[in-house]
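With CSV, C-alpha atoms inside, this is run.csv:
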chain,number,residue,atom,x,y,z
A,1,MET,CA,100.9,83.0,80.8
A,2,SER,CA,100.2,86.7,80.5
A,3,LEU,CA,101.9,89.4,82.5
A,4,SER,CA,98.8,89.9,84.6
A,5,ASP,CA,99.2,86.4,85.9
A,6,GLU,CA,102.5,87.3,87.4
A,7,PHE,CA,101.2,89.7,90.1
A,8,THR,CA,98.3,90.2,92.5
A,9,LEU,CA,97.7,93.7,93.7
A,10,ASP,CA,96.6,94.4,97.3
A,11,PHE,CA,94.1,97.2,97.0
A,12,ALA,CA,92.7,96.5,100.4
A,13,ARG,CA,95.9,97.1,102.3
A,14,PRO,CA,95.1,100.6,103.4
A,15,GLU,CA,91.9,99.5,105.1
A,16,ARG,CA,93.7,96.5,106.7
A,17,ILE,CA,96.9,98.0,108.1
A,18,GLY,CA,96.8,101.7,107.2
A,19,LEU,CA,99.6,101.5,104.7
A,20,GLU,CA,99.3,101.5,100.9
A,21,GLU,CA,100.9,98.9,98.7
A,22,ALA,CA,104.1,99.9,96.9
A,23,VAL,CA,105.7,98.5,93.8
A,24,PHE,CA,109.2,97.3,94.4
A,25,ALA,CA,110.7,97.8,90.9
A,26,ALA,CA,114.1,96.0,91.4
A,27,GLY,CA,114.0,92.7,89.8
A,28,LYS,CA,111.0,93.5,87.7
A,29,SER,CA,111.2,94.1,83.9
A,30,PRO,CA,109.8,97.3,82.4
A,31,ALA,CA,107.0,95.3,80.9
A,32,GLN,CA,106.0,93.9,84.3
A,33,ILE,CA,106.1,97.3,85.9
A,34,ASP,CA,104.0,98.7,83.0
A,35,ALA,CA,101.5,95.9,83.4
A,36,ILE,CA,101.2,96.6,87.2
A,37,LEU,CA,100.6,100.3,86.5
A,38,ALA,CA,98.1,99.6,83.8
A,39,ALA,CA,96.1,97.4,86.2
A,40,ALA,CA,96.2,100.2,88.8
A,41,ASP,CA,95.1,102.7,86.1
A,42,GLU,CA,92.1,100.6,85.3
A,43,ARG,CA,90.9,100.9,88.9
A,44,GLY,CA,91.9,104.6,89.3
A,45,ALA,CA,94.4,103.6,91.9
A,46,ARG,CA,97.7,105.2,92.7
A,47,PHE,CA,101.1,103.7,93.6
A,48,LEU,CA,104.4,104.5,95.1
A,49,VAL,CA,107.2,102.8,93.1
A,50,THR,CA,110.5,102.1,94.9
A,51,ARG,CA,113.9,101.1,93.6
A,52,LEU,CA,113.2,102.3,90.1
A,53,ASP,CA,116.6,102.9,88.5
A,54,PRO,CA,116.9,105.4,85.7
A,55,GLU,CA,117.4,102.7,83.1
A,56,ARG,CA,114.1,101.0,83.9
A,57,PHE,CA,112.3,104.3,84.2
A,58,ALA,CA,113.5,105.3,80.7
A,59,ALA,CA,112.1,102.1,79.3
A,60,LEU,CA,108.6,102.5,80.8
A,61,ARG,CA,105.5,103.2,78.7
A,62,TYR,CA,104.0,105.0,81.7
A,63,ARG,CA,107.0,107.2,82.4
A,64,ASP,CA,105.3,110.4,81.4
A,65,ARG,CA,102.7,109.8,84.1
A,66,LEU,CA,105.2,109.3,86.9
A,67,ASP,CA,106.6,111.8,89.3
A,68,TYR,CA,110.2,110.4,89.3
A,69,CYS,CA,113.1,111.2,91.6
A,70,ALA,CA,116.4,109.7,90.4
A,71,VAL,CA,118.2,110.3,93.7
A,72,SER,CA,115.8,108.2,95.7
A,73,ARG,CA,114.8,105.9,92.8
A,74,THR,CA,111.2,106.5,93.7
A,75,ALA,CA,108.1,107.4,91.6
A,76,PHE,CA,104.6,108.5,92.2
A,77,PHE,CA,101.9,107.0,90.0
A,78,GLY,CA,98.9,109.3,90.6
A,79,ALA,CA,98.8,112.3,92.8
A,80,ALA,CA,100.5,112.3,96.2
A,81,ARG,CA,98.3,113.1,99.2
A,82,PRO,CA,98.3,116.8,100.1
A,83,VAL,CA,100.8,117.6,102.8
A,84,GLU,CA,99.1,118.8,105.9
A,85,GLY,CA,100.4,120.3,109.2
A,86,PRO,CA,103.9,120.8,110.4
A,87,ALA,CA,106.7,118.3,110.0
A,88,ARG,CA,106.6,115.7,112.8
A,89,ILE,CA,109.4,113.5,111.4
A,90,ALA,CA,113.0,114.5,111.0
A,91,ILE,CA,115.1,112.5,108.5
A,92,VAL,CA,118.8,112.7,109.4
A,93,ALA,CA,121.5,111.6,107.0
A,94,ALA,CA,125.0,111.1,108.5
A,95,GLY,CA,126.8,111.9,105.2
A,96,THR,CA,125.9,113.1,101.8
A,97,SER,CA,126.4,109.5,100.5
A,98,ASP,CA,123.5,108.5,102.8
A,99,VAL,CA,121.1,111.0,101.2
A,100,PRO,CA,119.6,108.6,98.6
A,101,VAL,CA,118.3,106.3,101.4
A,102,ALA,CA,117.1,109.4,103.4
A,103,ARG,CA,115.4,110.7,100.3
A,104,GLU,CA,113.6,107.3,99.8
A,105,ALA,CA,112.2,107.8,103.3
A,106,GLU,CA,111.3,111.4,102.6
A,107,ARG,CA,109.5,110.6,99.3
A,108,THR,CA,107.6,107.7,100.9
A,109,LEU,CA,106.3,110.0,103.6
A,110,ALA,CA,105.6,112.8,101.1
A,111,TYR,CA,103.5,110.4,99.0
A,112,GLN,CA,101.4,109.8,102.1
A,113,GLY,CA,101.0,113.5,102.8
A,114,HIS,CA,103.4,113.9,105.6
A,115,ALA,CA,105.8,116.8,105.9
A,116,THR,CA,109.4,116.0,106.9
A,117,THR,CA,112.6,117.9,107.7
A,118,LEU,CA,115.6,116.5,106.0
A,119,ILE,CA,119.0,117.2,107.7
A,120,ALA,CA,122.0,115.9,105.9
A,121,ASP,CA,125.8,115.6,106.5
A,122,VAL,CA,125.8,115.8,110.3
A,123,GLY,CA,127.8,112.6,111.0
A,124,VAL,CA,130.1,111.9,113.8
A,125,ALA,CA,133.3,112.8,111.9
A,126,GLY,CA,132.4,116.4,112.7
A,127,LEU,CA,130.1,116.5,115.7
A,128,TRP,CA,129.9,120.3,115.6
A,129,ARG,CA,127.6,119.8,112.6
A,130,LEU,CA,125.2,117.8,114.6
A,131,THR,CA,125.3,119.9,117.8
A,132,ARG,CA,124.4,123.1,115.9
A,133,ARG,CA,121.2,121.4,114.6
A,134,VAL,CA,120.3,119.1,117.5
A,135,GLU,CA,117.6,121.4,118.9
A,136,GLU,CA,115.9,121.4,115.4
A,137,ILE,CA,116.0,117.6,115.5
A,138,ARG,CA,114.6,117.4,119.0
A,139,ALA,CA,111.5,119.3,117.9
A,140,HIS,CA,110.3,116.2,116.0
A,141,PRO,CA,108.7,113.3,117.8
A,142,ILE,CA,110.1,110.8,115.3
A,143,VAL,CA,113.6,110.8,113.9
A,144,ILE,CA,114.8,108.5,111.0
A,145,CYS,CA,118.5,108.3,110.9
A,146,ALA,CA,120.4,106.9,107.8
A,147,ALA,CA,124.0,106.1,108.5
A,148,GLY,CA,126.7,103.9,107.0
A,149,MET,CA,130.3,103.0,107.8
A,150,ASP,CA,130.3,102.5,111.6
A,151,ALA,CA,126.7,103.9,111.9
A,152,ALA,CA,127.5,105.8,115.1
A,153,LEU,CA,125.0,108.6,114.5
A,154,PRO,CA,121.8,106.7,115.5
A,155,SER,CA,123.4,105.9,118.9
A,156,VAL,CA,124.5,109.5,119.4
A,157,LEU,CA,120.9,110.7,118.5
A,158,GLY,CA,119.5,108.0,120.8
A,159,GLY,CA,121.3,109.6,123.7
A,160,LEU,CA,120.3,113.1,122.8
A,161,VAL,CA,116.6,113.1,121.7
A,162,ALA,CA,113.5,112.0,123.5
A,163,GLY,CA,111.6,111.0,120.3
A,164,ALA,CA,111.4,107.7,118.6
A,165,VAL,CA,114.7,106.9,116.7
A,166,ILE,CA,114.5,104.6,113.7
A,167,ALA,CA,117.9,103.7,112.4
A,168,VAL,CA,118.6,102.8,108.8
A,169,PRO,CA,122.0,101.3,108.3
A,170,THR,CA,123.3,102.0,104.8
A,171,SER,CA,125.7,100.2,102.5
A,172,VAL,CA,128.1,103.2,102.4
A,173,GLY,CA,131.6,102.3,103.5
A,174,TYR,CA,134.9,100.7,102.7
A,175,GLY,CA,136.1,97.1,103.0
A,176,VAL,CA,135.0,95.7,106.4
A,177,ALA,CA,131.9,97.8,106.2
A,178,GLN,CA,130.7,94.8,104.1
A,179,GLY,CA,128.0,96.5,102.2
A,180,GLY,CA,126.2,97.8,105.3
A,181,ARG,CA,126.6,94.7,107.5
A,182,ALA,CA,128.9,96.5,109.9
A,183,ALA,CA,126.5,99.4,110.2
A,184,LEU,CA,123.6,97.0,110.8
A,185,ASP,CA,125.5,95.2,113.5
A,186,ALA,CA,126.5,98.5,115.1
A,187,VAL,CA,122.9,99.8,115.5
A,188,LEU,CA,121.6,96.4,116.6
A,189,ALA,CA,124.3,96.4,119.3
A,190,SER,CA,123.8,100.1,120.2
A,191,CYS,CA,124.1,101.1,123.9
A,192,ALA,CA,121.4,103.8,123.4
A,193,PRO,CA,118.2,102.2,124.6
A,194,GLY,CA,115.0,101.9,122.5
A,195,ILE,CA,116.4,102.5,119.0
A,196,ALA,CA,114.4,100.7,116.3
A,197,VAL,CA,116.3,99.3,113.3
A,198,VAL,CA,115.3,98.4,109.8
A,199,ASN,CA,117.2,96.6,107.1
A,200,ILE,CA,120.2,97.9,105.2
A,201,ASP,CA,119.3,100.8,102.8
A,202,ASN,CA,115.6,100.4,103.6
A,203,GLY,CA,114.4,104.0,103.7
A,204,TYR,CA,111.0,102.9,102.6
A,205,GLY,CA,110.7,100.5,105.6
A,206,ALA,CA,111.8,103.3,108.0
A,207,ALA,CA,109.1,105.6,106.6
A,208,CYS,CA,106.5,102.9,107.1
A,209,ALA,CA,107.6,102.3,110.7
A,210,ALA,CA,107.2,106.1,111.2
A,211,LEU,CA,103.8,106.0,109.7
A,212,ARG,CA,102.7,103.2,112.0
A,213,LEU,CA,103.9,105.2,115.0
A,214,LEU,CA,101.9,108.2,113.8
A,215,HIS,CA,98.8,106.2,113.2
A,216,ALA,CA,99.0,104.6,116.6
A,217,ALA,CA,99.4,108.0,118.3
A,218,ASN,CA,96.5,109.4,116.3
A,219,ARG,CA,94.2,106.5,117.3
A,220,LEU,CA,95.1,107.0,121.0
A,221,THR,CA,94.3,110.7,120.6
A,222,GLU,CA,91.0,110.0,118.9
A,223,SER,CA,89.9,107.4,121.5
A,224,SER,CA,90.6,109.8,124.4
A,225,ARG,CA,88.3,112.5,123.1
I'd like the structure from this file rewritten - as structure tokens, please.
Amino acid sequence: MSLSDEFTLDFARPERIGLEEAVFAAGKSPAQIDAILAAADERGARFLVTRLDPERFAALRYRDRLDYCAVSRTAFFGAARPVEGPARIAIVAAGTSDVPVAREAERTLAYQGHATTLIADVGVAGLWRLTRRVEEIRAHPIVICAAGMDAALPSVLGGLVAGAVIAVPTSVGYGVAQGGRAALDAVLASCAPGIAVVNIDNGYGAACAALRLLHAANRLTESSR
């Protein structure tokens, strides 16, 4: 069996659901990732690569052709779409330790050509940090919030902003935080109505949820013309 028998690329995904396929690098060998990128290269396709740790990146044959970010563990294979228009999505990280997940969301959206505003270290341990920037956050119709430990920030934002709030529980925390399970349970049980929740540390998934919301809004706008 050759490496090409181990994967099937979904080049029709953008036309089908409006989202491009991404390569999830965790669990894949450098040889498998290189084979996927080689197949994309043959078709002139581009890819977003997620969960690409520095060790795997250093072992790739295609590394010189990747726009790599070690913080978010993401890479662009091929050019990202040009960023157009003002930022419509705020990405809020409760603490500095939540920034890698927030950056994964930011890079996913940048790859698709969407400007974002990243606001970090505004968690509930010092609410004054949030209150001084809440008007800036309110200016965005979509808010992605990455928070670990007790994940209180998405609930706070859910009571302060009118836009869609997408919560990303993170694996940041001690002991009973249980690698993000306490944060996940907290946002699922939130008293603030209408908060959407993605999986633990899933900044990519939060960005895709935001893209679906934007695509739906754009379709409604176009159909009303």
Problem set entry | Point (113.5, 94.2, 106.8) neighbourhood (12 Å, all atoms listed in the file) written as a VMD selection string | chain A and resid 167 to 169 184 196 to 206 208 to 209
For this session: Compute the distance from (114.3, 122.1, 116.9) to each atom, counting all atoms listed in the file, keep the residues with any atom at most 12 Å away, and return them as a PyMOL selection string; use the coordinates of the file.
Result: chain A and resi 87-90+117+119+130-141+143+161+163
Can you write out the residues you just picked, keeping C-alpha atoms, as a PDB file, keeping the file's coordinate frame?
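This is the output file result24.pdb:
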ATOM      1  CA  ALA A  87     106.700 118.300 110.000  1.00  0.00           C
ATOM      2  CA  ARG A  88     106.600 115.700 112.800  1.00  0.00           C
ATOM      3  CA  ILE A  89     109.400 113.500 111.400  1.00  0.00           C
ATOM      4  CA  ALA A  90     113.000 114.500 111.000  1.00  0.00           C
ATOM      5  CA  THR A 117     112.600 117.900 107.700  1.00  0.00           C
ATOM      6  CA  ILE A 119     119.000 117.200 107.700  1.00  0.00           C
ATOM      7  CA  LEU A 130     125.200 117.800 114.600  1.00  0.00           C
ATOM      8  CA  THR A 131     125.300 119.900 117.800  1.00  0.00           C
ATOM      9  CA  ARG A 132     124.400 123.100 115.900  1.00  0.00           C
ATOM     10  CA  ARG A 133     121.200 121.400 114.600  1.00  0.00           C
ATOM     11  CA  VAL A 134     120.300 119.100 117.500  1.00  0.00           C
ATOM     12  CA  GLU A 135     117.600 121.400 118.900  1.00  0.00           C
ATOM     13  CA  GLU A 136     115.900 121.400 115.400  1.00  0.00           C
ATOM     14  CA  ILE A 137     116.000 117.600 115.500  1.00  0.00           C
ATOM     15  CA  ARG A 138     114.600 117.400 119.000  1.00  0.00           C
ATOM     16  CA  ALA A 139     111.500 119.300 117.900  1.00  0.00           C
ATOM     17  CA  HIS A 140     110.300 116.200 116.000  1.00  0.00           C
ATOM     18  CA  PRO A 141     108.700 113.300 117.800  1.00  0.00           C
ATOM     19  CA  VAL A 143     113.600 110.800 113.900  1.00  0.00           C
ATOM     20  CA  VAL A 161     116.600 113.100 121.700  1.00  0.00           C
ATOM     21  CA  GLY A 163     111.600 111.000 120.300  1.00  0.00           C
TER      22      GLY A 163
END
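Nearest to A:Val122 of all the residues A:Gly173, A:Gly95, A:Gly148, A:Pro14 is A:Gly95, based on only C-alpha atoms.
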Exercise. Excluding same-chain residues fewer than 3 positions from A:Ala40, what lies within 12 Å of it counting all atoms listed in the file, as a PyMOL selection string?
Worked result: chain A and resi 4+7-11+21-23+33-37+43-48+62+77-78
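Separating atom CA of A:Asp53 from atom CA of A:Gln112 is a distance of 21.5 Å.
Going from atom CA of A:Val83 over to atom CA of A:Leu60, you cover 27.8 Å.
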Problem set entry | Nearby residues (all atoms listed in the file) at most 8 Å from stretch 185-189 of chain A, same-chain spacing under 3 positions excluded, as a PyMOL selection string | chain A and resi 150-152+154-155+167+169+181-182+195+197
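Nearest-residue note for A:Val71: choosing from A:Thr50, A:Thr116, A:Gln178, A:Thr170, the minimum distance belongs to A:Thr50, counting all atoms listed in the file.
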